[in-house]
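A.B. asks: Below is the file upload15.cif, which contains mmCIF, C-alpha atoms.
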```
data_entry
#
loop_
_atom_site.label_atom_id
_atom_site.label_comp_id
_atom_site.auth_asym_id
_atom_site.auth_seq_id
_atom_site.Cartn_x
_atom_site.Cartn_y
_atom_site.Cartn_z
CA MET K 520 35.66 120.99 122.42
CA TRP K 521 33.26 118.29 123.65
CA ILE K 522 30.48 116.86 121.56
CA ARG K 523 27.66 115.24 123.38
CA ALA K 524 25.64 112.62 121.53
CA THR K 525 22.15 111.90 122.71
CA THR K 526 20.23 108.80 121.75
CA VAL K 527 16.52 108.83 122.25
CA LEU K 528 14.78 105.49 122.64
CA SER K 529 11.16 105.41 121.78
CA LEU K 530 8.95 102.89 123.51
CA ASP K 531 6.51 103.19 120.63
CA LEU K 532 8.89 101.43 118.23
CA PRO K 533 8.45 97.65 117.83
CA PHE K 534 10.72 95.56 119.97
CA ASP K 535 12.44 93.14 117.61
CA TYR K 536 14.16 90.81 120.05
CA ASP K 537 13.13 87.16 120.07
CA ALA K 538 14.79 85.11 122.80
CA ASP K 539 14.23 81.87 120.86
CA ASP K 540 16.42 83.15 118.04
CA VAL K 541 19.48 83.54 120.25
CA THR K 542 21.83 80.58 120.08
CA LEU K 543 25.07 80.41 121.95
CA GLU K 544 27.50 78.18 120.16
CA ARG K 545 29.57 75.94 122.37
CA PRO K 546 32.76 74.38 121.17
CA PRO K 547 32.09 70.83 119.95
CA MET K 548 32.55 68.21 122.65
CA PRO K 549 34.94 65.39 121.75
CA LEU K 550 33.20 62.13 120.87
CA GLY K 551 34.63 60.30 123.89
CA GLU K 552 33.25 62.91 126.27
CA GLN K 553 29.88 62.83 124.52
CA ARG K 554 29.70 59.06 124.91
CA LEU K 555 30.75 59.23 128.58
CA ARG K 556 28.13 61.91 129.34
CA HIS K 557 25.45 59.94 127.45
CA PHE K 558 26.32 56.84 129.48
CA ALA K 559 26.08 58.78 132.77
CA GLU K 560 22.67 60.15 131.79
CA ARG K 561 21.37 56.70 130.75
CA ALA K 562 22.67 55.15 133.97
CA LEU K 563 20.95 57.91 135.94
CA GLN K 564 17.63 57.18 134.23
CA LEU K 565 18.04 53.43 134.59
CA THR K 566 18.92 53.43 138.28
CA GLU K 567 16.83 56.44 139.30
CA ALA K 568 19.82 57.48 141.39
CA ALA K 569 20.56 60.98 142.65
CA VAL K 570 23.96 61.20 140.96
CA VAL K 571 26.04 59.11 138.55
CA VAL K 572 29.75 59.77 138.06
CA ALA K 573 31.60 58.07 135.19
CA LEU K 574 35.39 58.03 134.83
CA ASP K 575 37.20 57.29 131.56
CA ARG K 576 40.80 56.19 132.14
CA ALA K 577 41.35 54.87 128.63
CA ALA K 578 42.18 58.30 127.22
CA ASP K 579 45.51 60.06 127.64
CA GLU K 580 43.91 62.26 130.26
CA ALA K 581 41.25 60.96 132.65
CA ARG K 582 37.78 62.33 131.87
CA ILE K 583 34.84 62.63 134.24
CA ALA K 584 31.13 62.92 133.43
CA VAL K 585 28.58 63.72 136.14
CA ALA K 586 24.82 63.39 135.75
CA GLY K 587 22.21 64.25 138.34
CA HIS K 588 21.39 66.90 140.88
CA CYS K 589 24.74 68.11 142.10
CA PRO K 590 27.09 71.02 141.59
CA ASP K 591 29.46 70.81 138.64
CA PRO K 592 32.79 69.51 139.89
CA ASP K 593 35.70 71.91 139.61
CA GLY K 594 39.26 70.86 138.77
CA ASP K 595 40.05 69.80 142.35
CA ASP K 596 36.83 67.78 142.66
CA GLU K 597 37.55 66.04 139.36
CA ALA K 598 41.04 65.15 140.56
CA TRP K 599 39.64 63.74 143.84
CA LEU K 600 36.97 61.76 141.97
CA SER K 601 39.58 60.40 139.59
CA LEU K 602 41.88 59.34 142.44
CA TRP K 603 39.03 57.74 144.38
CA LEU K 604 37.64 55.81 141.41
CA GLN K 605 41.00 54.61 140.07
CA VAL K 606 41.41 52.07 142.86
CA THR K 607 38.19 50.25 141.91
CA GLU K 608 38.70 46.60 141.01
CA THR K 609 35.34 45.01 141.84
CA THR K 610 31.73 46.17 142.07
CA SER K 611 31.13 47.12 145.69
CA LEU K 612 29.65 49.63 148.09
CA CYS K 613 32.34 52.15 148.95
CA THR K 614 32.42 54.93 151.50
CA VAL K 615 32.30 58.31 149.78
CA PRO K 616 35.15 60.52 151.03
CA PRO K 617 33.82 63.58 152.93
CA ARG K 618 35.50 65.85 150.37
CA LEU K 619 33.28 64.38 147.60
CA ARG K 620 29.94 64.37 149.42
CA ALA K 621 28.87 67.63 147.79
CA ILE K 622 28.91 65.75 144.46
CA LEU K 623 27.90 62.26 145.65
CA PRO K 624 25.40 63.08 148.43
CA ALA K 625 25.58 59.86 150.45
CA GLU K 626 27.86 58.05 152.84
CA LYS K 627 28.08 55.03 150.53
CA ALA K 628 28.00 54.71 146.77
CA LEU K 629 27.93 51.73 144.45
CA VAL K 630 31.24 51.72 142.59
CA MET K 631 31.60 49.58 139.48
CA PRO K 632 34.75 49.13 137.38
CA LEU K 633 34.63 49.39 133.59
CA LEU K 634 36.61 46.30 132.60
CA THR K 635 37.65 44.93 129.24
CA PRO K 636 39.91 42.00 128.38
CA GLY K 637 42.68 44.61 128.13
CA GLY K 638 42.15 45.80 131.70
CA LEU K 639 40.49 48.58 133.66
CA VAL K 640 39.41 51.49 131.44
CA GLY K 641 37.26 53.43 133.92
CA ALA K 642 34.75 53.31 136.73
CA VAL K 643 31.22 54.34 137.64
CA ALA K 644 29.92 55.60 141.00
CA ILE K 645 26.19 55.69 141.73
CA SER K 646 24.65 57.48 144.69
CA PRO K 647 22.52 56.43 146.47
CA PRO K 648 23.26 52.86 145.52
CA CYS K 649 20.61 50.93 143.65
CA THR K 650 19.83 47.50 145.03
CA SER K 651 17.63 45.87 142.39
CA ARG K 652 19.44 42.91 140.82
CA ARG K 653 17.64 43.44 137.53
CA THR K 654 18.73 47.07 137.39
CA LEU K 655 22.29 46.11 138.30
CA ARG K 656 22.41 43.56 135.47
CA LYS K 657 21.21 46.18 132.97
CA LEU K 658 23.74 48.66 134.32
CA GLU K 659 26.55 46.09 134.07
CA ALA K 660 25.65 45.41 130.43
CA LEU K 661 25.58 49.14 129.70
CA ALA K 662 28.93 49.58 131.47
CA GLU K 663 30.48 46.68 129.55
CA ASP K 664 29.44 48.25 126.24
CA LEU K 665 30.91 51.58 127.30
CA ALA K 666 34.16 49.97 128.43
CA LEU K 667 34.63 48.19 125.10
CA GLU K 668 33.82 51.37 123.19
CA LEU K 669 36.28 53.44 125.26
CA GLU K 670 39.04 50.89 124.72
CA LEU K 671 38.33 50.75 120.97
CA ARG K 672 38.32 54.55 120.67
CA GLU K 673 41.64 54.75 122.52
CA ARG K 674 43.20 52.18 120.18
CA GLN K 675 41.92 54.08 117.14
CA GLU K 676 43.33 57.37 118.43
CA HIS K 677 46.78 55.84 118.94
CA ALA K 678 46.85 53.68 115.82
CA SER K 679 49.42 54.59 113.24
CA PRO K 680 47.99 56.14 110.09
CA PRO K 681 47.55 53.82 107.12
CA PRO K 682 50.39 53.86 104.60
CA PRO K 683 49.85 56.21 101.67
CA ALA K 684 48.49 54.69 98.51
CA VAL K 685 51.09 54.19 95.82
CA ALA K 686 50.05 55.05 92.30
CA ARG K 687 51.58 53.02 89.53
CA VAL K 688 52.58 54.77 86.39
CA ALA K 689 52.25 52.64 83.31
#
```
Give the structure from the file, written as structure tokens.
C.D. replies:
Amino acid sequence: MWIRATTVLSLDLPFDYDADDVTLERPPMPLGEQRLRHFAERALQLTEAAVVVALDRAADEARIAVAGHCPDPDGDDEAWLSLWLQVTETTSLCTVPPRLRAILPAEKALVMPLLTPGGLVGAVAISPPCTSRRTLRKLEALAEDLALELELRERQEHASPPPPAVARVA
């Protein structure tokens, strides 16, 4: 025996759906990734570049943040970006590999290392390269702050927990 249910929709009833009320909850982004993304967005605004890519090597796993008008990099693109930016030792104009030109749409990009006294903690690539000395100085200061913060965060994550407090019984 089959039972057929019929639902009748009336167009006269009020439509109760408000698109502004819908919120999709995303999983919280780790603080290091938030800071890296914020840096990439600030560098993009400062340099008025097309795309800014920031690499964090201080963490256990390299992280990439991309800001600008480009497709989101997939896992392979992130691996290529990471490999390309890891060899950066000085600020210079570098040829963008053809494989990465969908993300960094230029033949050359300004690549800047994120250095701390402890060593290289990341890199930044800016496309097309900015040439204003004043802008570069501001970007270097911003990059130095990020590098120190990344190194500090990495030390805090790997620091041993403080010893438990001992209560004295009198």
A.B. asks: Decode the PyMOL selection byres ((chain K and resi 609) around 8) for the given file into explicit residues and return them as an NGL selection string.
C.D. replies: :K and (607-608 or 610-611 or 630-632)
A.B. asks: Can you measure atom CA of Glu663 of chain K to atom CA of Leu629 of chain K for me? One decimal in Å is fine.
C.D. replies: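 Going from atom CA of Glu663 of chain K over to atom CA of Leu629 of chain K, I get 15.9 Å.
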A.B. asks: Could you write out as a PyMOL selection string the residues that the PyMOL selection byres ((chain K and resi 636) around 12) matches in the shown file?
C.D. replies: chain K and resi 633-635+637-640+663+666-667+670-671
A.B. asks: On this structure, which residues satisfy the PyMOL selection byres ((chain K and resi 577) around 9), written as a PyMOL selection string?
C.D. replies: chain K and resi 575-576+578-582+639-641+666+669-670+672-673
A.B. asks: What gap, in Å, lies between atom CA of Gln605 of chain K and atom CA of Cys589 of chain K?
C.D. replies: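 Between atom CA of Gln605 of chain K and atom CA of Cys589 of chain K the gap works out to 21.2 Å.
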A.B. asks: Can you tell me how far atom CA of Ile622 of chain K sits from atom CA of Lys657 of chain K, in Å to one decimal?
C.D. replies: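 Rounded to one decimal, the two atoms are 24.0 Å apart.
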A.B. asks: If we count only C-alpha atoms and set the cut-off at 10 Å, which residues sit around Thr654 of chain K, ignoring sequence neighbours fewer than 6 positions away in its own chain? Please answer as a list in words.
C.D. replies: Ala562, Leu565, Thr566, Glu567 and Ala660 of chain K
A.B. asks: Counting only C-alpha atoms, which of K:Glu676, K:Asp595, K:Arg653, K:Leu665 gets nearest to Gln553 of chain K?
C.D. replies: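 Closest to Gln553 of chain K of all the choices is K:Leu665.
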A.B. asks: Which residue, K:Ala628, K:Ala678, K:Leu604, K:Leu658, has the smallest gap to Glu560 of chain K when you use only C-alpha atoms?
C.D. replies: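 Of K:Ala628, K:Ala678, K:Leu604, K:Leu658, the one nearest Glu560 of chain K is K:Leu658, counting only C-alpha atoms.
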A.B. asks: Between K:Ala662, K:Ala644, K:Leu655, K:Leu602, which one has atoms that come closest to Ala573 of chain K, using only C-alpha atoms?
C.D. replies: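 Closest candidate: K:Ala644.
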A.B. asks: Using all atoms listed in the file, which residue out of K:Ala598, K:Ala584, K:Leu563, K:Val643 lies closest to Cys613 of chain K?
C.D. replies: K:Val643
A.B. asks: Within 8 Å of (29.3, 58.6, 137.6) (file coordinates; only C-alpha atoms), which protein or nucleic acid residues are there? I'd like them as a PyMOL selection string.
C.D. replies: chain K and resi 559+570-574+583-586+642-645
A.B. asks: Some atoms are missing, so please complete segment 607-622 of chain K with N, CA and C atoms and return it as a PDB file, in the frame of the given file.
C.D. replies:
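Generated file (result_15.pdb):
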```pdb
ATOM      1  N   THR K 607      39.296  51.200 142.014  1.00  0.00           N
ATOM      2  CA  THR K 607      38.190  50.250 141.910  1.00  0.00           C
ATOM      3  C   THR K 607      38.596  49.017 141.124  1.00  0.00           C
ATOM      4  N   GLU K 608      38.403  47.849 141.722  1.00  0.00           N
ATOM      5  CA  GLU K 608      38.700  46.600 141.010  1.00  0.00           C
ATOM      6  C   GLU K 608      37.484  45.690 140.918  1.00  0.00           C
ATOM      7  N   THR K 609      36.546  45.821 141.853  1.00  0.00           N
ATOM      8  CA  THR K 609      35.340  45.010 141.840  1.00  0.00           C
ATOM      9  C   THR K 609      34.134  45.896 142.161  1.00  0.00           C
ATOM     10  N   THR K 610      32.946  45.448 141.751  1.00  0.00           N
ATOM     11  CA  THR K 610      31.730  46.170 142.070  1.00  0.00           C
ATOM     12  C   THR K 610      31.464  46.028 143.562  1.00  0.00           C
ATOM     13  N   SER K 611      31.347  47.160 144.245  1.00  0.00           N
ATOM     14  CA  SER K 611      31.130  47.120 145.690  1.00  0.00           C
ATOM     15  C   SER K 611      30.578  48.442 146.190  1.00  0.00           C
ATOM     16  N   LEU K 612      30.063  48.399 147.427  1.00  0.00           N
ATOM     17  CA  LEU K 612      29.650  49.630 148.090  1.00  0.00           C
ATOM     18  C   LEU K 612      30.888  50.231 148.729  1.00  0.00           C
ATOM     19  N   CYS K 613      31.157  51.477 148.412  1.00  0.00           N
ATOM     20  CA  CYS K 613      32.340  52.150 148.950  1.00  0.00           C
ATOM     21  C   CYS K 613      31.917  53.395 149.710  1.00  0.00           C
ATOM     22  N   THR K 614      32.666  53.714 150.733  1.00  0.00           N
ATOM     23  CA  THR K 614      32.420  54.930 151.500  1.00  0.00           C
ATOM     24  C   THR K 614      32.869  56.130 150.664  1.00  0.00           C
ATOM     25  N   VAL K 615      31.981  57.095 150.536  1.00  0.00           N
ATOM     26  CA  VAL K 615      32.300  58.310 149.780  1.00  0.00           C
ATOM     27  C   VAL K 615      33.148  59.207 150.680  1.00  0.00           C
ATOM     28  N   PRO K 616      34.326  59.622 150.217  1.00  0.00           N
ATOM     29  CA  PRO K 616      35.150  60.520 151.030  1.00  0.00           C
ATOM     30  C   PRO K 616      34.379  61.812 151.345  1.00  0.00           C
ATOM     31  N   PRO K 617      34.546  62.348 152.557  1.00  0.00           N
ATOM     32  CA  PRO K 617      33.820  63.580 152.930  1.00  0.00           C
ATOM     33  C   PRO K 617      34.028  64.713 151.933  1.00  0.00           C
ATOM     34  N   ARG K 618      35.190  64.789 151.337  1.00  0.00           N
ATOM     35  CA  ARG K 618      35.500  65.850 150.370  1.00  0.00           C
ATOM     36  C   ARG K 618      34.593  65.778 149.140  1.00  0.00           C
ATOM     37  N   LEU K 619      34.076  64.576 148.814  1.00  0.00           N
ATOM     38  CA  LEU K 619      33.280  64.380 147.600  1.00  0.00           C
ATOM     39  C   LEU K 619      31.774  64.334 147.859  1.00  0.00           C
ATOM     40  N   ARG K 620      31.357  64.512 149.105  1.00  0.00           N
ATOM     41  CA  ARG K 620      29.940  64.370 149.420  1.00  0.00           C
ATOM     42  C   ARG K 620      29.071  65.494 148.877  1.00  0.00           C
ATOM     43  N   ALA K 621      29.670  66.579 148.448  1.00  0.00           N
ATOM     44  CA  ALA K 621      28.870  67.630 147.790  1.00  0.00           C
ATOM     45  C   ALA K 621      28.429  67.138 146.411  1.00  0.00           C
ATOM     46  N   ILE K 622      29.238  66.274 145.788  1.00  0.00           N
ATOM     47  CA  ILE K 622      28.910  65.750 144.460  1.00  0.00           C
ATOM     48  C   ILE K 622      28.129  64.446 144.574  1.00  0.00           C
TER      49      ILE K 622
END
```
